[in-house]
Amino acid sequence: MNFRDILTEKIKNAFVEAGYDDKNAYVSLSGRPDLCQYQCNACLPLAKIYKQKPMDIAAKIADVLSNDDAFESVVACPPGFLNIIVKDEFLTSFINKMAADDQFLFDKIQNPVKTIVDYGGANVAKSLHVGHLRSAIIGESIKRLLRFEGHEVLGDVHLGDWGLQMGIVILGIIEQFGIENLQTDEDRTKNITISVLEKTYPQKSAEAKQNEDVMAECKRITFELQKGEGIYFDIWQKVLAVSVEDLKKNYARLGVEFDLWKGESDTRNVVRGMIDALKEKGFAHEDDGALVIDITNEQDNPPLPPFILEKSDGAILYSTTDLATILQRCEEFDTQRMIYVVDNRQGTHFKQLFRTVAKTGIAGKELDLEFSGFGTMNGKDGKPYKTREGGVMRLEDLINALETEAYKKLEDTIGNDVSDEEKKEIAHQVGVGALKFADLSNHRSKDYNFDVERFCSFEGKTGPYVQYTAVRIASILAKCESLSAKIDLPEGDVQRDLFILLTEYQTAVKGAAFELAPNILVDYIYQLAVALNKYYHEYKVATETDIDKKNSRTNTLKLSFELMKTLLDIVGIEIPKRM
RNA sequence: GCGCCUGUAGCUCAGCUGGAUAGAGCAAUUGCCUUCUAAGCAAUGGGCCAGGAGUUCGAAUCUCUUCAGGCGCGCCA
């Protein structure tokens, strides 16, 4: 059980015993650490209900708790706060139990929910750019958070591989090589490479936007492709294979792993049946040449646009495949909850999608569909991020920049006994760690300013700071042997504060999971790193001559390190062997 | 036009189920490497929480409003 929950339970009992409602009687960390460790504010609102002075109520509660051996003191403070200090013995006993448990006494969820986190956002034939970074990092972290809580979670990259962009790319390829040079698998393997794809889409897409005829041809090819056979389909298969291989490489570099590499195209065999069923049930009808479902209601202002199943040219689009994907997931995995980690700007689309599911009852059961939107990544000027040359920055280049910077730093600080290979490995861990930490420390839904120079500084509240702290602790632990598992009462304020903070981890994890907001956890990790830096600065461990003190300190660091490692793993940050 | 989001230190951001003195990092100034790694530690300065009104014992947090910025409003994703 969570430490603060234990305290809350005691406080609640006291409220009941004193004859008051315990609804708001929860314990929070003190906002005035100079006065107390924890506080409870419930007496203030109770004053009105019971027509008593808040201080009188607080005094009664304090009195009830005066004999509880968990508390050093519970004091009523004007205008009616309860200021709480716990006994060192009580706190330390909890810390020892935490250290003895390989799950740190985490309360796993009782009813695991079958969940899919949809977070890739990657498009076939387009290289990953900084815009994909947020989805990947945030989504991966949400997946791991929920998994840590005990849910059954799958991550799905959900590739954009069946829409208009495919028509655009295919046309671009045909024009480059000639359709006669794309007939055999051998030809296609020779011509369709990742570097070709990277150039083709931006060029052709720009052209299609300018030229109506080109666009019409792209749309026609898309429509033909969606029949699932023929030369366009053959080309598409190769494009998909080449793309996925490249994407896997890039995601792996970020430490992002998907359980499912599904895409829009995977719905191609069920889309027809779904559309027919929706027509039959009278939900879908024709409008302006397109097949749509009306989903708006009177409360919507402005009215919600209709949900489009088929464009007027007969082709389907992402809304169609997204809907079909929901059905497929229910059927294949019996999914109960789906979380979409997607750019905020797609909010309306998902509102439409969820409304469609609710209105048509197409899933056949209650489904928890959530849009977990994230903000746009902007440059220093607050406008969408561009490279110096004005182009979109590729994710690969960004990671390279950070790794190079980390490598430079290593050359200055680390000894010559470290091999170049190891230096590169560390530079990679530090670079990616910096990137993830920086991204995750901002609130998910807010836009944020992307600044390579700031990311590369590696000082202060950054990933490398946290990694460095962990590395230092590991280095101390390597010099110390723990004789017994015992952790003694705190030797002073710094250690006591650390103990209290250690007990807070569960609140951070649960909060982050509940809000789908990894920044809550990242912030906790940072606080823990700060507390640990203070701790090992103030208390020497390896050089301590008092055996008992040394042992207790070692175990304190051991618990801290293990916890840090576990939490860093949730946010996808690795701890290097040395720094 | 309608809707959604944002506005907190010079800069980048936390805090937003209302609680005591609004927190970090960067930047600035100052100490600390003969004892476990200075990517560190300790300290100082810096705020009418965009403006106004309201609700409340109590507001950065809730409500209304003004201003500023971003985004979205049917066949792109």
# chains A, B, ... in the order shown; residues from 1 in each chain; ligands from 1

call {"tool": "closest_atom_pairs", "arguments": {"of": "region 421-494 of chain A", "to": "region 40-62 of chain B", "cutoff": "12 Å", "atoms": "only C-alpha atoms (C1' of nucleotides)", "output": "Markdown table"}}
result
| residue | atom | partner | partner_atom | distance |
| --- | --- | --- | --- | --- |
| A:Glu459 | CA | B:G40 | C1' | 9.8 |
| A:Gly460 | CA | B:G40 | C1' | 9.8 |
| A:Pro464 | CA | B:G40 | C1' | 11.8 |
| A:Tyr465 | CA | B:G40 | C1' | 8.9 |
| A:Val466 | CA | B:G40 | C1' | 11.3 |
| A:Tyr468 | CA | B:G40 | C1' | 9.1 |
| A:Thr469 | CA | B:G40 | C1' | 8.9 |
| A:Arg472 | CA | B:G40 | C1' | 10.1 |

call {"tool": "write_last_selection", "arguments": {"atoms": "N, CA and C atoms", "output": "PDB file, in the first residue's frame"}}
result
ATOM      1  N   GLU A 459      22.725  20.281 -19.047  1.00  0.00           N
ATOM      2  CA  GLU A 459      22.922  20.748 -17.678  1.00  0.00           C
ATOM      3  C   GLU A 459      21.591  21.126 -17.045  1.00  0.00           C
ATOM      4  N   GLY A 460      21.545  21.025 -15.711  1.00  0.00           N
ATOM      5  CA  GLY A 460      20.310  21.391 -15.031  1.00  0.00           C
ATOM      6  C   GLY A 460      19.251  20.324 -15.196  1.00  0.00           C
ATOM      7  N   PRO A 464      20.391  13.948 -19.080  1.00  0.00           N
ATOM      8  CA  PRO A 464      21.749  13.610 -18.641  1.00  0.00           C
ATOM      9  C   PRO A 464      22.002  13.874 -17.158  1.00  0.00           C
ATOM     10  N   TYR A 465      21.371  14.888 -16.605  1.00  0.00           N
ATOM     11  CA  TYR A 465      21.525  15.135 -15.161  1.00  0.00           C
ATOM     12  C   TYR A 465      21.040  13.924 -14.373  1.00  0.00           C
ATOM     13  N   VAL A 466      19.872  13.439 -14.763  1.00  0.00           N
ATOM     14  CA  VAL A 466      19.286  12.292 -14.071  1.00  0.00           C
ATOM     15  C   VAL A 466      20.140  11.047 -14.301  1.00  0.00           C
ATOM     16  N   TYR A 468      23.286  10.976 -15.008  1.00  0.00           N
ATOM     17  CA  TYR A 468      24.541  11.176 -14.288  1.00  0.00           C
ATOM     18  C   TYR A 468      24.397  10.801 -12.811  1.00  0.00           C
ATOM     19  N   THR A 469      23.292  11.214 -12.235  1.00  0.00           N
ATOM     20  CA  THR A 469      23.025  10.883 -10.836  1.00  0.00           C
ATOM     21  C   THR A 469      22.995   9.376 -10.637  1.00  0.00           C
ATOM     22  N   ARG A 472      26.481   7.888 -10.966  1.00  0.00           N
ATOM     23  CA  ARG A 472      27.283   8.152  -9.763  1.00  0.00           C
ATOM     24  C   ARG A 472      26.918   7.165  -8.656  1.00  0.00           C
TER      25      ARG A 472
END

call {"tool": "select_by_dssp", "arguments": {"residues": "region 379-573 of chain A", "states": "alpha helix (DSSP H)", "output": "ChimeraX atom specification"}}
result
/A:395-413,420-441,452-455,463-479,493-503,505-515,518-538,547-570

call {"tool": "write_last_selection", "arguments": {"atoms": "C-alpha atoms", "output": "tab-separated table (two decimals), in the first residue's frame"}}
result
chain	number	residue	atom	x	y	z
A	395	LEU	CA	14.39	12.66	-36.83
A	396	GLU	CA	17.54	10.84	-37.77
A	397	ASP	CA	19.48	14.09	-38.16
A	398	LEU	CA	18.19	15.34	-34.87
A	399	ILE	CA	19.32	12.26	-33.00
A	400	ASN	CA	22.68	12.49	-34.75
A	401	ALA	CA	23.10	16.07	-33.58
A	402	LEU	CA	22.43	15.15	-29.98
A	403	GLU	CA	24.68	12.13	-30.06
A	404	THR	CA	27.50	14.14	-31.57
A	405	GLU	CA	27.17	16.72	-28.84
A	406	ALA	CA	27.15	14.05	-26.15
A	407	TYR	CA	30.19	12.44	-27.72
A	408	LYS	CA	32.11	15.73	-27.63
A	409	LYS	CA	31.32	16.14	-23.98
A	410	LEU	CA	32.53	12.61	-23.26
A	411	GLU	CA	35.84	13.25	-24.91
A	412	ASP	CA	36.47	16.05	-22.43
A	413	THR	CA	35.35	14.26	-19.31
A	420	ASP	CA	35.49	4.44	-28.86
A	421	GLU	CA	32.73	1.90	-29.25
A	422	GLU	CA	31.67	2.34	-25.67
A	423	LYS	CA	31.84	6.11	-25.99
A	424	LYS	CA	29.49	5.95	-28.92
A	425	GLU	CA	27.12	3.76	-26.98
A	426	ILE	CA	27.11	6.19	-24.07
A	427	ALA	CA	26.71	9.17	-26.40
A	428	HIS	CA	23.70	7.45	-27.88
A	429	GLN	CA	22.12	6.80	-24.49
A	430	VAL	CA	22.78	10.34	-23.34
A	431	GLY	CA	21.60	11.96	-26.56
A	432	VAL	CA	18.36	10.02	-26.69
A	433	GLY	CA	17.90	10.42	-22.95
A	434	ALA	CA	18.17	14.18	-23.30
A	435	LEU	CA	15.66	14.18	-26.11
A	436	LYS	CA	13.11	12.10	-24.28
A	437	PHE	CA	13.47	13.90	-21.01
A	438	ALA	CA	13.07	17.29	-22.66
A	439	ASP	CA	10.01	16.18	-24.56
A	440	LEU	CA	8.33	14.43	-21.69
A	441	SER	CA	8.90	17.15	-19.15
A	452	VAL	CA	18.58	22.12	-30.37
A	453	GLU	CA	21.09	24.23	-28.49
A	454	ARG	CA	19.17	23.98	-25.25
A	455	PHE	CA	18.71	20.26	-25.70
A	463	GLY	CA	17.96	13.74	-18.97
A	464	PRO	CA	21.75	13.61	-18.64
A	465	TYR	CA	21.52	15.13	-15.16
A	466	VAL	CA	19.29	12.29	-14.07
A	467	GLN	CA	21.43	9.72	-15.85
A	468	TYR	CA	24.54	11.18	-14.29
A	469	THR	CA	23.02	10.88	-10.84
A	470	ALA	CA	22.19	7.24	-11.43
A	471	VAL	CA	25.66	6.54	-12.79
A	472	ARG	CA	27.28	8.15	-9.76
A	473	ILE	CA	25.19	6.04	-7.42
A	474	ALA	CA	25.99	2.88	-9.33
A	475	SER	CA	29.63	3.80	-9.09
A	476	ILE	CA	29.40	4.21	-5.31
A	477	LEU	CA	27.49	0.97	-4.96
A	478	ALA	CA	30.16	-0.85	-6.92
A	479	LYS	CA	32.58	0.07	-4.13
A	493	ASP	CA	16.98	16.10	7.32
A	494	VAL	CA	18.51	15.30	3.96
A	495	GLN	CA	18.00	11.60	4.42
A	496	ARG	CA	14.57	12.03	5.98
A	497	ASP	CA	13.46	14.14	3.01
A	498	LEU	CA	14.79	11.46	0.72
A	499	PHE	CA	12.79	8.79	2.54
A	500	ILE	CA	9.61	10.79	2.22
A	501	LEU	CA	10.27	11.41	-1.43
A	502	LEU	CA	10.94	7.71	-2.04
A	503	THR	CA	7.52	6.86	-0.64
A	505	TYR	CA	6.87	7.45	-6.24
A	506	GLN	CA	3.62	5.53	-6.41
A	507	THR	CA	1.54	8.69	-6.34
A	508	ALA	CA	3.61	9.97	-9.25
A	509	VAL	CA	3.21	6.79	-11.28
A	510	LYS	CA	-0.53	6.56	-10.67
A	511	GLY	CA	-1.03	10.23	-11.37
A	512	ALA	CA	0.87	10.02	-14.62
A	513	ALA	CA	-1.05	6.94	-15.70
A	514	PHE	CA	-4.42	8.38	-14.75
A	515	GLU	CA	-3.83	11.65	-16.57
A	518	PRO	CA	4.23	11.30	-18.36
A	519	ASN	CA	5.51	14.73	-17.34
A	520	ILE	CA	4.20	14.01	-13.85
A	521	LEU	CA	6.49	11.01	-13.61
A	522	VAL	CA	9.42	12.78	-15.23
A	523	ASP	CA	9.09	15.58	-12.72
A	524	TYR	CA	9.17	13.09	-9.89
A	525	ILE	CA	12.25	11.43	-11.32
A	526	TYR	CA	13.97	14.77	-11.46
A	527	GLN	CA	13.05	15.57	-7.86
A	528	LEU	CA	14.40	12.21	-6.82
A	529	ALA	CA	17.64	12.88	-8.65
A	530	VAL	CA	18.00	16.24	-6.90
A	531	ALA	CA	17.38	14.64	-3.51
A	532	LEU	CA	19.91	11.92	-4.25
A	533	ASN	CA	22.54	14.38	-5.38
A	534	LYS	CA	22.11	16.18	-2.09
A	535	TYR	CA	22.26	12.90	-0.23
A	536	TYR	CA	25.45	11.46	-1.59
A	537	HIS	CA	27.04	14.84	-1.42
A	538	GLU	CA	26.31	15.15	2.27
A	547	ILE	CA	30.11	-0.11	9.57
A	548	ASP	CA	26.45	0.32	10.50
A	549	LYS	CA	26.20	3.77	8.98
A	550	LYS	CA	27.94	2.62	5.85
A	551	ASN	CA	25.60	-0.32	5.52
A	552	SER	CA	22.47	1.73	6.00
A	553	ARG	CA	23.63	4.35	3.52
A	554	THR	CA	24.52	1.70	1.00
A	555	ASN	CA	21.06	0.21	1.29
A	556	THR	CA	19.44	3.61	0.98
A	557	LEU	CA	21.30	4.18	-2.27
A	558	LYS	CA	20.55	0.68	-3.44
A	559	LEU	CA	16.81	1.16	-3.04
A	560	SER	CA	17.04	4.58	-4.67
A	561	PHE	CA	18.97	3.24	-7.61
A	562	GLU	CA	16.64	0.33	-8.23
A	563	LEU	CA	13.62	2.61	-8.07
A	564	MET	CA	15.26	5.17	-10.34
A	565	LYS	CA	16.09	2.47	-12.85
A	566	THR	CA	12.54	1.17	-12.84
A	567	LEU	CA	11.01	4.60	-13.30
A	568	LEU	CA	13.47	5.63	-15.98
A	569	ASP	CA	12.55	2.52	-17.87
A	570	ILE	CA	8.92	3.62	-17.89

call {"tool": "atom_distance", "arguments": {"atom1": "CA of Arg4 (chain A)", "atom2": "CA of Lys461 (chain A)"}}
result
26.5 Å

call {"tool": "atom_distance", "arguments": {"atom1": "CA of Thr200 (chain A)", "atom2": "CA of Ala216 (chain A)"}}
result
17.5 Å

call {"tool": "interface_residues", "arguments": {"of": "chain B", "to": "chain A", "cutoff": "8 Å", "atoms": "only C-alpha atoms (C1' of nucleotides)", "output": "JSON, numbers by chain"}}
result
{"B": [2, 3, 6, 12, 13, 14, 19, 20, 24, 25, 26, 35, 36, 37, 39, 40, 41, 71, 72, 73, 74, 75, 76, 77]}

call {"tool": "closest_residue", "arguments": {"among": "A:Asn24, A:Gln237, A:Glu332, A:Glu280", "to": "U17 (chain B)", "atoms": "only C-alpha atoms (C1' of nucleotides)"}}
result
A:Asn24

call {"tool": "closest_residue", "arguments": {"among": "A:Met55, A:Leu225, A:Ile174, A:Val117", "to": "Asn191 (chain A)", "atoms": "only C-alpha atoms"}}
result
A:Ile174

call {"tool": "select_by_dssp", "arguments": {"residues": "region 282-526 of chain A", "states": "strand (DSSP E)", "output": "list in words"}}
result
Ala284, His285, Glu286, Asp287, Ala290, Leu291, Val292, Ile293, Phe307, Ile308, Leu309, Glu310, Arg337, Met338, Ile339, Tyr340, Asp368, Leu369, Glu370, Phe371, Met377, Asn378, Tyr448 and Asn449 of chain A

call {"tool": "write_last_selection", "arguments": {"atoms": "C-alpha atoms", "output": "mmCIF file, in the first residue's frame"}}
result
data_model
loop_
_atom_site.group_PDB
_atom_site.id
_atom_site.type_symbol
_atom_site.label_atom_id
_atom_site.label_comp_id
_atom_site.auth_asym_id
_atom_site.auth_seq_id
_atom_site.Cartn_x
_atom_site.Cartn_y
_atom_site.Cartn_z
ATOM 1 C CA ALA A 284 -24.828 5.668 -44.098
ATOM 2 C CA HIS A 285 -26.264 7.680 -46.923
ATOM 3 C CA GLU A 286 -25.073 9.560 -49.937
ATOM 4 C CA ASP A 287 -24.373 13.241 -49.719
ATOM 5 C CA ALA A 290 -19.838 10.884 -50.926
ATOM 6 C CA LEU A 291 -21.045 8.200 -48.564
ATOM 7 C CA VAL A 292 -21.422 9.712 -45.109
ATOM 8 C CA ILE A 293 -22.903 9.202 -41.671
ATOM 9 C CA PHE A 307 -18.280 11.130 -41.001
ATOM 10 C CA ILE A 308 -17.072 10.184 -44.455
ATOM 11 C CA LEU A 309 -16.881 6.530 -45.421
ATOM 12 C CA GLU A 310 -16.354 6.901 -49.136
ATOM 13 C CA ARG A 337 -9.739 0.623 -24.279
ATOM 14 C CA MET A 338 -8.016 2.457 -27.110
ATOM 15 C CA ILE A 339 -5.811 5.453 -26.582
ATOM 16 C CA TYR A 340 -4.815 7.583 -29.534
ATOM 17 C CA ASP A 368 -13.364 3.329 -23.876
ATOM 18 C CA LEU A 369 -11.998 5.456 -26.686
ATOM 19 C CA GLU A 370 -9.645 8.239 -25.729
ATOM 20 C CA PHE A 371 -7.948 10.946 -27.682
ATOM 21 C CA MET A 377 6.594 21.218 -31.938
ATOM 22 C CA ASN A 378 7.681 24.711 -32.812
ATOM 23 C CA TYR A 448 6.430 23.480 -27.193
ATOM 24 C CA ASN A 449 9.466 25.211 -28.480
#
